[in-house]
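Peer 1: One file is attached below, query-v2.tsv, containing TSV, C-alpha atoms (C1' of nucleotides).
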```tsv
chain	number	residue	atom	x	y	z
A	143	MET	CA	-15.02	29.39	-10.26
A	144	SER	CA	-18.43	29.91	-8.76
A	145	LYS	CA	-19.27	28.23	-5.51
A	146	GLN	CA	-22.24	26.63	-7.19
A	147	LEU	CA	-20.26	25.10	-10.03
A	148	SER	CA	-17.86	23.66	-7.51
A	149	ASN	CA	-20.67	21.90	-5.66
A	150	VAL	CA	-22.32	20.67	-8.80
A	151	VAL	CA	-19.07	19.22	-10.04
A	152	ARG	CA	-18.42	17.55	-6.71
A	153	GLU	CA	-21.80	15.87	-6.52
A	154	TRP	CA	-21.67	14.78	-10.08
A	155	SER	CA	-18.17	13.36	-9.63
A	156	GLU	CA	-19.31	11.27	-6.70
A	157	VAL	CA	-22.21	9.78	-8.58
A	158	PHE	CA	-20.13	9.22	-11.66
A	159	MET	CA	-17.20	7.70	-9.78
A	160	HIS	CA	-19.53	5.35	-8.02
A	161	ARG	CA	-20.96	4.12	-11.21
A	162	SER	CA	-17.61	3.95	-12.96
A	163	MET	CA	-16.09	1.84	-10.23
A	164	ARG	CA	-19.01	-0.54	-10.32
A	165	ASP	CA	-18.89	-0.88	-14.08
A	166	PHE	CA	-15.15	-1.31	-14.09
A	167	LYS	CA	-15.32	-4.01	-11.44
A	168	GLY	CA	-18.02	-5.74	-13.46
A	169	PHE	CA	-15.83	-5.54	-16.53
A	170	MET	CA	-12.91	-7.09	-14.66
A	171	ASP	CA	-15.10	-9.90	-13.37
A	172	GLU	CA	-16.70	-10.58	-16.75
A	173	THR	CA	-13.46	-10.67	-18.65
A	174	GLY	CA	-11.36	-12.17	-15.88
A	175	LEU	CA	-8.74	-9.50	-16.56
A	176	SER	CA	-6.80	-7.59	-13.94
A	177	PHE	CA	-6.46	-3.86	-13.51
A	178	SER	CA	-2.96	-4.00	-15.01
A	179	GLN	CA	-4.01	-6.10	-17.95
A	180	ILE	CA	-6.87	-3.78	-18.84
A	181	GLY	CA	-4.54	-0.82	-18.43
A	182	VAL	CA	-2.12	-2.27	-20.95
A	183	LEU	CA	-4.91	-3.07	-23.39
A	184	MET	CA	-6.26	0.46	-23.12
A	185	ARG	CA	-2.81	1.87	-23.70
A	186	LEU	CA	-2.36	-0.27	-26.78
A	187	ASN	CA	-5.76	0.82	-28.01
A	188	ASP	CA	-4.53	4.42	-27.97
A	189	GLU	CA	-0.88	4.07	-28.80
A	190	ALA	CA	-0.42	1.19	-31.18
A	191	HIS	CA	3.04	-0.09	-32.06
A	192	GLU	CA	4.56	0.93	-28.74
A	193	GLY	CA	7.39	-1.22	-27.37
A	194	ILE	CA	7.47	-3.21	-24.14
A	195	SER	CA	9.67	-0.78	-22.24
A	196	LYS	CA	7.61	2.24	-23.28
A	197	ILE	CA	4.52	0.50	-21.99
A	198	GLY	CA	6.29	-0.19	-18.73
A	199	ILE	CA	7.36	3.43	-18.34
A	200	HIS	CA	3.85	4.60	-19.02
A	201	MET	CA	2.40	2.17	-16.48
A	202	GLY	CA	5.07	3.01	-13.94
A	203	VAL	CA	6.53	-0.48	-13.74
A	204	THR	CA	9.78	-2.15	-14.81
A	205	ASN	CA	10.13	-3.62	-18.26
A	206	ALA	CA	10.24	-7.04	-16.58
A	207	ALA	CA	6.74	-6.52	-15.25
A	208	ALA	CA	5.51	-5.16	-18.56
A	209	SER	CA	7.02	-8.10	-20.40
A	210	GLN	CA	5.24	-10.58	-18.16
A	211	THR	CA	1.89	-8.83	-18.33
A	212	ILE	CA	2.09	-8.68	-22.09
A	213	ASP	CA	3.14	-12.29	-22.23
A	214	ARG	CA	-0.09	-13.24	-20.48
A	215	LEU	CA	-2.12	-11.05	-22.83
A	216	VAL	CA	-0.44	-12.70	-25.79
A	217	GLY	CA	-1.37	-16.05	-24.28
A	218	LEU	CA	-4.96	-14.87	-24.07
A	219	GLN	CA	-4.76	-13.87	-27.74
A	220	LEU	CA	-5.63	-10.30	-26.93
A	221	VAL	CA	-2.28	-8.89	-28.03
A	222	GLU	CA	-0.08	-9.65	-31.02
A	223	ARG	CA	3.68	-9.46	-30.40
A	224	THR	CA	5.94	-9.48	-33.45
A	225	GLU	CA	9.58	-8.69	-34.06
A	226	ASP	CA	10.31	-5.22	-35.35
A	227	PRO	CA	12.11	-5.64	-38.69
A	228	GLN	CA	13.70	-2.18	-38.24
A	229	ASP	CA	15.25	-3.08	-34.89
A	230	ARG	CA	15.23	-6.76	-34.20
A	231	ARG	CA	15.70	-6.29	-30.45
A	232	ALA	CA	12.34	-4.56	-30.25
A	233	LYS	CA	8.81	-5.94	-30.44
A	234	ILE	CA	5.82	-4.43	-32.16
A	235	LEU	CA	2.68	-4.76	-30.08
A	236	LYS	CA	-0.84	-4.61	-31.45
A	237	LEU	CA	-4.25	-5.48	-30.16
A	238	THR	CA	-5.72	-8.49	-31.91
A	239	PRO	CA	-9.28	-8.06	-33.21
A	240	LYS	CA	-10.37	-9.97	-30.11
A	241	GLY	CA	-8.48	-7.53	-27.90
A	242	ARG	CA	-9.87	-4.50	-29.69
A	243	ASP	CA	-13.43	-5.79	-29.45
A	244	LEU	CA	-13.03	-6.37	-25.77
A	245	ILE	CA	-11.76	-2.87	-25.01
A	246	GLU	CA	-14.35	-1.26	-27.21
A	247	LYS	CA	-17.01	-3.20	-25.40
A	248	GLY	CA	-15.66	-1.72	-22.18
A	249	ILE	CA	-15.98	1.78	-23.56
A	250	GLU	CA	-19.44	0.89	-24.77
A	251	ILE	CA	-20.60	-0.06	-21.28
A	252	ARG	CA	-19.71	3.39	-20.04
A	253	SER	CA	-21.40	5.16	-22.94
A	254	LYS	CA	-24.44	2.97	-22.51
A	255	TRP	CA	-24.95	4.11	-18.98
A	256	VAL	CA	-24.96	7.80	-19.81
A	257	GLU	CA	-27.22	7.08	-22.78
A	258	ASP	CA	-29.67	5.42	-20.44
A	259	VAL	CA	-29.51	8.44	-18.20
A	260	THR	CA	-30.01	10.94	-21.00
A	261	ASP	CA	-32.83	8.93	-22.53
A	262	ALA	CA	-34.97	9.98	-19.60
A	263	LEU	CA	-34.56	13.66	-20.45
A	264	THR	CA	-36.65	15.93	-22.68
A	265	PRO	CA	-35.34	16.93	-26.14
A	266	GLN	CA	-34.53	20.43	-24.90
A	267	GLN	CA	-32.60	19.03	-21.98
A	268	GLN	CA	-30.79	16.68	-24.33
A	269	GLU	CA	-29.81	19.63	-26.50
A	270	MET	CA	-28.27	21.27	-23.49
A	271	ILE	CA	-26.39	18.12	-22.53
A	272	ILE	CA	-24.99	17.88	-26.04
A	273	THR	CA	-23.68	21.42	-25.88
A	274	ALA	CA	-22.34	21.01	-22.38
A	275	LEU	CA	-20.59	17.69	-23.01
A	276	THR	CA	-19.08	19.02	-26.22
A	277	LEU	CA	-17.69	21.96	-24.29
A	278	LEU	CA	-16.38	19.69	-21.57
A	279	THR	CA	-14.81	17.25	-23.98
A	280	GLU	CA	-13.01	19.98	-25.90
A	281	ALA	CA	-11.87	21.73	-22.76
A	282	ALA	CA	-10.67	18.42	-21.34
A	283	ARG	CA	-8.68	17.65	-24.46
A	284	THR	CA	-6.85	20.94	-24.37
A	285	THR	CA	-6.20	20.52	-20.65
A	286	GLU	CA	-4.60	17.11	-21.18
A	287	LYS	CA	-0.86	17.47	-20.64
B	54	MET	CA	-31.91	9.24	-28.56
B	55	SER	CA	-30.53	11.44	-31.28
B	56	LYS	CA	-27.57	10.27	-33.29
B	57	GLN	CA	-25.69	13.35	-32.23
B	58	LEU	CA	-26.18	12.86	-28.52
B	59	SER	CA	-24.96	9.31	-28.87
B	60	ASN	CA	-21.71	10.47	-30.47
B	61	VAL	CA	-21.19	13.27	-28.01
B	62	VAL	CA	-21.66	10.91	-25.12
B	63	ARG	CA	-19.27	8.39	-26.63
B	64	GLU	CA	-16.48	10.89	-27.18
B	65	TRP	CA	-16.91	12.40	-23.80
B	66	SER	CA	-16.88	8.98	-22.15
B	67	GLU	CA	-13.58	8.13	-23.80
B	68	VAL	CA	-11.92	11.30	-22.65
B	69	PHE	CA	-13.36	11.01	-19.20
B	70	MET	CA	-12.51	7.34	-18.81
B	71	HIS	CA	-8.97	8.04	-19.86
B	72	ARG	CA	-8.56	10.65	-17.26
B	73	SER	CA	-10.36	8.66	-14.59
B	74	MET	CA	-8.16	5.64	-15.10
B	75	ARG	CA	-5.04	7.76	-14.91
B	76	ASP	CA	-6.16	9.49	-11.75
B	77	PHE	CA	-7.25	6.26	-10.16
B	78	LYS	CA	-3.93	4.60	-10.94
B	79	GLY	CA	-2.16	7.62	-9.50
B	80	PHE	CA	-4.27	7.36	-6.38
B	81	MET	CA	-3.41	3.68	-5.99
B	82	ASP	CA	0.28	4.40	-6.40
B	83	GLU	CA	0.25	7.34	-4.01
B	84	THR	CA	-1.61	5.53	-1.28
B	85	GLY	CA	-0.16	2.11	-1.95
B	86	LEU	CA	-3.67	0.68	-1.80
B	87	SER	CA	-5.11	-1.94	-4.12
B	88	PHE	CA	-8.27	-1.81	-6.17
B	89	SER	CA	-10.03	-4.05	-3.65
B	90	GLN	CA	-8.89	-2.06	-0.68
B	91	ILE	CA	-10.08	1.21	-2.15
B	92	GLY	CA	-13.34	-0.47	-3.09
B	93	VAL	CA	-13.93	-1.51	0.50
B	94	LEU	CA	-13.06	1.94	1.79
B	95	MET	CA	-15.46	3.55	-0.65
B	96	ARG	CA	-18.16	1.12	0.39
B	97	LEU	CA	-17.60	1.95	4.03
B	98	ASN	CA	-17.68	5.62	3.21
B	99	ASP	CA	-21.21	5.18	1.85
B	100	GLU	CA	-22.58	2.42	4.03
B	101	ALA	CA	-21.17	2.75	7.49
B	102	HIS	CA	-21.68	0.02	10.08
B	103	GLU	CA	-21.95	-2.75	7.52
B	104	GLY	CA	-20.71	-6.20	8.54
B	105	ILE	CA	-17.90	-8.22	7.01
B	106	SER	CA	-20.09	-10.65	5.12
B	107	LYS	CA	-22.27	-7.87	3.69
B	108	ILE	CA	-19.16	-6.18	2.39
B	109	GLY	CA	-18.08	-9.43	0.80
B	110	ILE	CA	-21.43	-9.93	-0.89
B	111	HIS	CA	-21.35	-6.39	-2.21
B	112	MET	CA	-17.83	-6.83	-3.56
B	113	GLY	CA	-18.62	-10.23	-5.01
B	114	VAL	CA	-16.14	-12.18	-2.89
B	115	THR	CA	-16.33	-14.67	-0.03
B	116	ASN	CA	-16.47	-13.48	3.55
B	117	ALA	CA	-13.01	-14.97	4.01
B	118	ALA	CA	-11.64	-12.61	1.38
B	119	ALA	CA	-13.51	-9.68	2.86
B	120	SER	CA	-12.21	-10.54	6.31
B	121	GLN	CA	-8.63	-10.58	5.08
B	122	THR	CA	-8.92	-7.33	3.13
B	123	ILE	CA	-10.46	-5.61	6.11
B	124	ASP	CA	-7.81	-7.03	8.37
B	125	ARG	CA	-5.16	-5.31	6.27
B	126	LEU	CA	-7.10	-2.05	6.31
B	127	VAL	CA	-7.37	-2.27	10.08
B	128	GLY	CA	-3.63	-2.82	10.19
B	129	LEU	CA	-3.20	0.34	8.13
B	130	GLN	CA	-5.44	2.15	10.60
B	131	LEU	CA	-7.87	3.10	7.89
B	132	VAL	CA	-10.74	1.04	9.29
B	133	GLU	CA	-11.98	0.54	12.82
B	134	ARG	CA	-13.37	-2.93	13.63
B	135	THR	CA	-15.29	-3.34	16.86
B	136	GLU	CA	-17.55	-5.99	18.30
B	137	ASP	CA	-21.26	-5.41	17.89
B	138	PRO	CA	-22.75	-5.36	21.40
B	139	GLN	CA	-26.17	-6.35	19.94
B	140	ASP	CA	-24.78	-9.48	18.28
B	141	ARG	CA	-21.38	-10.40	19.56
B	142	ARG	CA	-20.60	-12.58	16.54
B	143	ALA	CA	-20.75	-9.54	14.28
B	144	LYS	CA	-18.31	-6.68	13.83
B	145	ILE	CA	-19.08	-3.02	13.33
B	146	LEU	CA	-16.87	-1.45	10.69
B	147	LYS	CA	-16.16	2.25	10.38
B	148	LEU	CA	-13.66	4.36	8.55
B	149	THR	CA	-11.16	5.96	10.88
B	150	PRO	CA	-10.63	9.71	10.40
B	151	LYS	CA	-7.49	8.78	8.49
B	152	GLY	CA	-9.51	6.47	6.24
B	153	ARG	CA	-12.18	9.05	5.63
B	154	ASP	CA	-9.67	11.75	4.77
B	155	LEU	CA	-8.00	9.46	2.31
B	156	ILE	CA	-11.19	8.59	0.44
B	157	GLU	CA	-12.35	12.16	0.41
B	158	LYS	CA	-9.02	13.18	-1.03
B	159	GLY	CA	-9.64	10.66	-3.79
B	160	ILE	CA	-12.99	12.22	-4.58
B	161	GLU	CA	-11.33	15.62	-4.45
B	162	ILE	CA	-8.80	14.69	-7.14
B	163	ARG	CA	-11.61	13.85	-9.50
B	164	SER	CA	-13.51	17.03	-8.78
B	165	LYS	CA	-10.35	19.05	-9.13
B	166	TRP	CA	-9.82	17.92	-12.66
B	167	VAL	CA	-13.25	18.93	-13.88
B	168	GLU	CA	-12.86	22.21	-12.02
B	169	ASP	CA	-9.65	22.85	-13.91
B	170	VAL	CA	-11.46	22.11	-17.13
B	171	THR	CA	-14.42	24.33	-16.38
B	172	ASP	CA	-12.20	27.17	-15.21
B	173	ALA	CA	-11.21	27.70	-18.82
B	174	LEU	CA	-14.81	28.38	-19.84
B	175	THR	CA	-16.78	31.63	-19.99
B	176	PRO	CA	-19.39	32.40	-17.30
B	177	GLN	CA	-22.22	31.65	-19.74
B	178	GLN	CA	-20.66	28.33	-20.61
B	179	GLN	CA	-20.20	27.57	-16.92
B	180	GLU	CA	-23.89	28.31	-16.36
B	181	MET	CA	-24.74	25.77	-18.99
B	182	ILE	CA	-22.42	23.18	-17.45
B	183	ILE	CA	-24.05	23.70	-14.08
B	184	THR	CA	-27.49	23.08	-15.52
B	185	ALA	CA	-26.34	20.11	-17.55
B	186	LEU	CA	-24.44	18.41	-14.74
B	187	THR	CA	-27.32	18.96	-12.35
B	188	LEU	CA	-29.63	17.30	-14.83
B	189	LEU	CA	-27.21	14.44	-15.34
B	190	THR	CA	-26.65	13.92	-11.63
B	191	GLU	CA	-30.34	13.82	-10.87
B	192	ALA	CA	-31.10	11.55	-13.78
B	193	ALA	CA	-28.22	9.29	-12.77
B	194	ARG	CA	-29.49	9.04	-9.21
B	195	THR	CA	-32.96	8.00	-10.27
B	196	THR	CA	-31.47	5.47	-12.70
B	197	GLU	CA	-29.40	3.86	-9.95
B	198	LYS	CA	-31.38	0.86	-8.92
C	99	DG	C1'	36.48	-5.05	-34.49
C	100	DG	C1'	35.74	-4.32	-29.66
C	101	DA	C1'	33.38	-1.89	-26.01
C	102	DT	C1'	29.07	-0.09	-24.69
C	103	DA	C1'	24.19	0.64	-24.75
C	104	DT	C1'	19.52	-0.92	-25.56
C	105	DA	C1'	15.17	-4.20	-25.94
C	106	DG	C1'	13.38	-7.78	-24.05
C	107	DT	C1'	13.18	-12.30	-21.40
C	108	DT	C1'	13.72	-15.29	-17.48
C	109	DC	C1'	14.43	-16.49	-12.64
C	110	DG	C1'	13.78	-16.27	-7.69
C	111	DA	C1'	11.50	-14.04	-4.16
C	112	DC	C1'	7.77	-11.65	-1.99
C	113	DC	C1'	3.11	-9.62	-1.30
C	114	DC	C1'	-1.78	-9.42	-2.49
C	115	DG	C1'	-6.25	-11.34	-3.30
C	116	DC	C1'	-8.87	-15.06	-3.94
C	117	DT	C1'	-10.85	-19.75	-2.84
C	118	DT	C1'	-12.02	-23.84	-0.07
C	119	DA	C1'	-12.15	-25.97	4.18
C	120	DA	C1'	-11.77	-26.29	8.98
C	121	DC	C1'	-12.43	-23.79	12.98
C	122	DT	C1'	-14.40	-20.66	17.13
C	123	DA	C1'	-17.92	-18.29	19.17
C	124	DA	C1'	-22.49	-16.61	19.56
C	125	DT	C1'	-27.34	-16.70	18.39
C	126	DA	C1'	-31.75	-18.92	17.04
C	127	DA	C1'	-34.68	-22.80	16.57
C	128	DA	C1'	-36.48	-27.48	18.02
D	58	DT	C1'	-31.09	-27.93	26.25
D	59	DT	C1'	-29.57	-29.83	22.38
D	60	DT	C1'	-29.11	-28.76	17.48
D	61	DA	C1'	-28.65	-25.87	13.63
D	62	DT	C1'	-27.48	-21.53	11.85
D	63	DT	C1'	-24.81	-17.40	11.45
D	64	DA	C1'	-20.53	-14.12	11.75
D	65	DG	C1'	-16.17	-14.08	11.41
D	66	DT	C1'	-11.24	-15.91	11.52
D	67	DT	C1'	-7.50	-18.81	10.16
D	68	DA	C1'	-4.64	-21.84	7.20
D	69	DA	C1'	-3.11	-23.87	2.86
D	70	DG	C1'	-2.71	-23.33	-1.91
D	71	DC	C1'	-2.91	-20.98	-6.39
D	72	DG	C1'	-2.16	-17.34	-9.67
D	73	DG	C1'	-1.17	-12.45	-10.62
D	74	DG	C1'	1.95	-8.37	-10.23
D	75	DT	C1'	6.09	-6.63	-9.04
D	76	DC	C1'	11.03	-6.17	-8.31
D	77	DG	C1'	16.12	-6.90	-8.86
D	78	DA	C1'	19.47	-9.37	-11.11
D	79	DA	C1'	21.33	-12.22	-14.52
D	80	DC	C1'	20.96	-13.26	-19.24
D	81	DT	C1'	20.46	-13.15	-24.72
D	82	DA	C1'	20.50	-10.75	-28.76
D	83	DT	C1'	20.83	-6.77	-31.46
D	84	DA	C1'	22.39	-2.12	-32.40
D	85	DT	C1'	25.55	1.73	-31.92
D	86	DC	C1'	29.70	4.18	-30.89
D	87	DC	C1'	34.80	4.78	-31.15
```
Using the file provided, produce a representation of the structure as C-alpha cells.
Peer 2:
Amino acid sequence: MSKQLSNVVREWSEVFMHRSMRDFKGFMDETGLSFSQIGVLMRLNDEAHEGISKIGIHMGVTNAAASQTIDRLVGLQLVERTEDPQDRRAKILKLTPKGRDLIEKGIEIRSKWVEDVTDALTPQQQEMIITALTLLTEAARTTEK
Amino acid sequence: MSKQLSNVVREWSEVFMHRSMRDFKGFMDETGLSFSQIGVLMRLNDEAHEGISKIGIHMGVTNAAASQTIDRLVGLQLVERTEDPQDRRAKILKLTPKGRDLIEKGIEIRSKWVEDVTDALTPQQQEMIITALTLLTEAARTTEK
DNA sequence: GGATATAGTTCGACCCGCTTAACTAATAAA
DNA sequence: TTTATTAGTTAAGCGGGTCGAACTATATCC
C-alpha cells in the first residue's frame, strides 16, 4: 500500500468517524434507544427469524441479557416475538414495520450526509466517487469474514 | 444528484456502517469503556483543555453527568484533571498518554480495515480511491458546520 | 419412558449513566 | 463588601445492561 493511500485513508476515517459518532449519538437521543437496543434492531434487520440465544451470541452477551433487551423492544413495539411452530421452545423474532422504519431512517441519516457532501462536487468528480465507492463496497463485501 | 450516485452512496453506507458498528462494539469490549466514556475521550482528543461543563454541553448532558464520567476516566488514568490557575473554580482536562494511545488505537482500527480493503485493489484503482477519498474528506470538512 | 439437552424467562445483585437538588468554592457585579 | 453568578462536586433515585443461577417447557437421545 502506498504511503499516500495510507494517509488519505487515515484522514478520511477520522472525519468520517467523527461524523458517524455524532449522527449515532443523535439517533440514540432522538429515538431514546440504547446502543444495545439499536444493535439488536440492526441485527434483526439483517438476519430475520434469528432466535434469542443466537442474538445473544452475536452480541457477545448471555441469553438472559438478550432476552431482557428483546423484551423491552417488544414492549416498545419495535420487535415481534412469536412462538416457533417447528420448535415450541424457540421464538421467532421479526422487526415490526415500526422497527423497520426506525432502522431504515437511521441508515438514511448516514446516506443523507454523504449525499450532502457529494452534492457540492462537479459531475466529473461525482462520476469518480461513484466508481470509487462501488469499488470500495465490493472489496469490503468480499473482505467481510 | 444522480440516481446512481444516490444508490451507490446508500449501499456503501450500509456496508460501512455495519463494519463501523462491529469495530466500535469490539473496541468497547476490548477497552471496557462505555459509549459515553469513549465520546468524552474523543472530544478531549480534539478539543484539549476544555472544561467540565463545556464537555457536558457538547455531549448533551448536565455538568453533573459530565463530572461523574470524567471522574471515572480520571480513575482509569485516561484523563488528567488539574485546577486552572487562571480561574480556580475551573478544571483543565487533558488526555494522559495512556488515554491518547487508546483513542489513537481506536482510529487505527478503522483505518486498518479500509487499508485491508484497498490492498486488494490494483494500483490504478488505488489511485482513483485516493482522489475520491481526498475529495470526500475535503468536501466533508467544509460541510461540517 | 426416563435421562439429558436446549430455548427462553425470571430473579437478585451490581455497575453505569443520567437527572435533580443541595452543596462548596471562587469569581464578577452592585 | 455584600450579592449574584459560575465551575464543579456530591448524594439520592431511577432505569438500563449485564451476569449467574434457578426455573419452565419442549425436544432429543438411549
Peer 1: Check every residue of chain C for an atom within 10 Å of chain A, counting all atoms listed in the file, and provide those that qualify as a list of chain:residue names.
Peer 2: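 My answer is C:DT104, C:DA105, C:DG106, C:DT107, C:DT108.
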Peer 1: Write out the coordinates of chain A as a compact mmCIF listing (two decimals) with C-alpha atoms, keeping the file's coordinate frame after a least-squares overlay onto chain B built on all ordered Cα pairs.
Peer 2:
```txt
# COMPACT_ATOMS: atom_id res chain seq x y z
CA MET A 143 -31.95 9.25 -28.49
CA SER A 144 -30.54 11.48 -31.18
CA LYS A 145 -27.61 10.27 -33.20
CA GLN A 146 -25.73 13.37 -32.17
CA LEU A 147 -26.21 12.87 -28.45
CA SER A 148 -24.99 9.33 -28.82
CA ASN A 149 -21.75 10.48 -30.43
CA VAL A 150 -21.22 13.26 -27.96
CA VAL A 151 -21.68 10.89 -25.06
CA ARG A 152 -19.30 8.39 -26.60
CA GLU A 153 -16.51 10.88 -27.15
CA TRP A 154 -16.93 12.38 -23.77
CA SER A 155 -16.89 8.95 -22.12
CA GLU A 156 -13.62 8.09 -23.79
CA VAL A 157 -11.93 11.25 -22.64
CA PHE A 158 -13.36 10.95 -19.18
CA MET A 159 -12.51 7.27 -18.81
CA HIS A 160 -8.98 7.96 -19.87
CA ARG A 161 -8.55 10.58 -17.28
CA SER A 162 -10.32 8.59 -14.59
CA MET A 163 -8.12 5.58 -15.12
CA ARG A 164 -5.01 7.71 -14.93
CA ASP A 165 -6.14 9.44 -11.77
CA PHE A 166 -7.20 6.21 -10.17
CA LYS A 167 -3.88 4.57 -10.96
CA GLY A 168 -2.11 7.59 -9.50
CA PHE A 169 -4.24 7.31 -6.39
CA MET A 170 -3.36 3.64 -6.00
CA ASP A 171 0.34 4.38 -6.41
CA GLU A 172 0.30 7.32 -4.01
CA THR A 173 -1.56 5.52 -1.29
CA GLY A 174 -0.08 2.10 -1.93
CA LEU A 175 -3.59 0.66 -1.77
CA SER A 176 -5.01 -1.99 -4.07
CA PHE A 177 -8.15 -1.88 -6.15
CA SER A 178 -9.91 -4.11 -3.62
CA GLN A 179 -8.80 -2.09 -0.65
CA ILE A 180 -10.00 1.17 -2.16
CA GLY A 181 -13.25 -0.52 -3.11
CA VAL A 182 -13.86 -1.54 0.48
CA LEU A 183 -13.00 1.92 1.77
CA MET A 184 -15.39 3.51 -0.71
CA ARG A 185 -18.11 1.12 0.31
CA LEU A 186 -17.59 1.93 3.96
CA ASN A 187 -17.66 5.61 3.13
CA ASP A 188 -21.18 5.15 1.75
CA GLU A 189 -22.58 2.41 3.91
CA ALA A 190 -21.17 2.75 7.39
CA HIS A 191 -21.72 0.05 9.99
CA GLU A 192 -21.96 -2.75 7.44
CA GLY A 193 -20.72 -6.19 8.49
CA ILE A 194 -17.89 -8.22 6.98
CA SER A 195 -20.10 -10.64 5.08
CA LYS A 196 -22.26 -7.87 3.63
CA ILE A 197 -19.13 -6.19 2.35
CA GLY A 198 -18.04 -9.44 0.80
CA ILE A 199 -21.38 -9.95 -0.93
CA HIS A 200 -21.28 -6.44 -2.27
CA MET A 201 -17.74 -6.89 -3.58
CA GLY A 202 -18.55 -10.29 -5.01
CA VAL A 203 -16.07 -12.21 -2.88
CA THR A 204 -16.28 -14.70 -0.01
CA ASN A 205 -16.42 -13.50 3.56
CA ALA A 206 -12.95 -15.01 3.99
CA ALA A 207 -11.57 -12.63 1.40
CA ALA A 208 -13.45 -9.69 2.86
CA SER A 209 -12.20 -10.53 6.33
CA GLN A 210 -8.60 -10.56 5.16
CA THR A 211 -8.87 -7.35 3.19
CA ILE A 212 -10.44 -5.60 6.13
CA ASP A 213 -7.82 -7.02 8.44
CA ARG A 214 -5.15 -5.32 6.35
CA LEU A 215 -7.09 -2.05 6.35
CA VAL A 216 -7.40 -2.25 10.11
CA GLY A 217 -3.65 -2.78 10.27
CA LEU A 218 -3.21 0.35 8.19
CA GLN A 219 -5.46 2.20 10.64
CA LEU A 220 -7.87 3.12 7.90
CA VAL A 221 -10.75 1.07 9.28
CA GLU A 222 -12.03 0.58 12.82
CA ARG A 223 -13.40 -2.89 13.62
CA THR A 224 -15.36 -3.27 16.85
CA GLU A 225 -17.64 -5.92 18.27
CA ASP A 226 -21.34 -5.31 17.82
CA PRO A 227 -22.88 -5.22 21.30
CA GLN A 228 -26.27 -6.22 19.80
CA ASP A 229 -24.88 -9.37 18.20
CA ARG A 230 -21.49 -10.31 19.50
CA ARG A 231 -20.71 -12.53 16.49
CA ALA A 232 -20.82 -9.49 14.24
CA LYS A 233 -18.37 -6.63 13.78
CA ILE A 234 -19.14 -2.98 13.27
CA LEU A 235 -16.90 -1.42 10.65
CA LYS A 236 -16.18 2.28 10.35
CA LEU A 237 -13.67 4.37 8.52
CA THR A 238 -11.18 6.00 10.86
CA PRO A 239 -10.66 9.75 10.35
CA LYS A 240 -7.50 8.79 8.48
CA GLY A 241 -9.49 6.48 6.22
CA ARG A 242 -12.18 9.06 5.59
CA ASP A 243 -9.64 11.75 4.74
CA LEU A 244 -7.96 9.46 2.30
CA ILE A 245 -11.14 8.58 0.42
CA GLU A 246 -12.32 12.15 0.38
CA LYS A 247 -9.00 13.17 -1.04
CA GLY A 248 -9.60 10.65 -3.81
CA ILE A 249 -12.95 12.19 -4.60
CA GLU A 250 -11.32 15.59 -4.48
CA ILE A 251 -8.80 14.66 -7.17
CA ARG A 252 -11.62 13.85 -9.54
CA SER A 253 -13.53 17.04 -8.77
CA LYS A 254 -10.35 19.03 -9.13
CA TRP A 255 -9.84 17.88 -12.66
CA VAL A 256 -13.27 18.91 -13.86
CA GLU A 257 -12.88 22.21 -12.00
CA ASP A 258 -9.68 22.83 -13.90
CA VAL A 259 -11.49 22.07 -17.11
CA THR A 260 -14.44 24.32 -16.35
CA ASP A 261 -12.21 27.14 -15.19
CA ALA A 262 -11.22 27.66 -18.80
CA LEU A 263 -14.82 28.35 -19.82
CA THR A 264 -16.76 31.62 -19.98
CA PRO A 265 -19.36 32.42 -17.29
CA GLN A 266 -22.20 31.69 -19.71
CA GLN A 267 -20.68 28.35 -20.59
CA GLN A 268 -20.23 27.61 -16.91
CA GLU A 269 -23.90 28.36 -16.32
CA MET A 270 -24.79 25.81 -18.94
CA ILE A 271 -22.48 23.21 -17.42
CA ILE A 272 -24.09 23.75 -14.03
CA THR A 273 -27.54 23.15 -15.45
CA ALA A 274 -26.43 20.18 -17.49
CA LEU A 275 -24.51 18.46 -14.69
CA THR A 276 -27.38 19.02 -12.29
CA LEU A 277 -29.71 17.36 -14.76
CA LEU A 278 -27.29 14.50 -15.27
CA THR A 279 -26.70 13.98 -11.59
CA GLU A 280 -30.40 13.87 -10.79
CA ALA A 281 -31.18 11.61 -13.70
CA ALA A 282 -28.31 9.33 -12.72
CA ARG A 283 -29.55 9.09 -9.16
CA THR A 284 -33.02 8.04 -10.20
CA THR A 285 -31.56 5.54 -12.66
CA GLU A 286 -29.46 3.89 -9.95
CA LYS A 287 -31.00 0.51 -9.18
```
Peer 1: For chain A, list the residues within 9 Å of chain B, counting all atoms listed in the file, and write the list as a PyMOL selection string.
Peer 2: chain A and resi 143-144+146-148+150-163+167+177+181+184+201+249-250+252-263+265+267-286
Peer 1: Select from chain D every residue with an atom at most 10 Å from any atom of chain A, then for each give the shortest pair of atoms and their distance in Å to one decimal, using all atoms listed in the file, rows by chain and rising number, as a Markdown table.
Peer 2:
```
| residue | atom | partner | partner_atom | distance |
| --- | --- | --- | --- | --- |
| D:DG73 | C1' | A:Ser176 | CA | 8.1 |
| D:DG74 | C1' | A:Ala207 | CA | 7.2 |
| D:DT75 | C1' | A:Ala207 | CA | 6.2 |
| D:DC76 | C1' | A:Thr204 | CA | 7.7 |
| D:DG77 | C1' | A:Ala206 | CA | 9.7 |
| D:DA82 | C1' | A:Arg231 | CA | 6.8 |
| D:DT83 | C1' | A:Arg231 | CA | 5.3 |
| D:DA84 | C1' | A:Asp229 | CA | 7.6 |
```
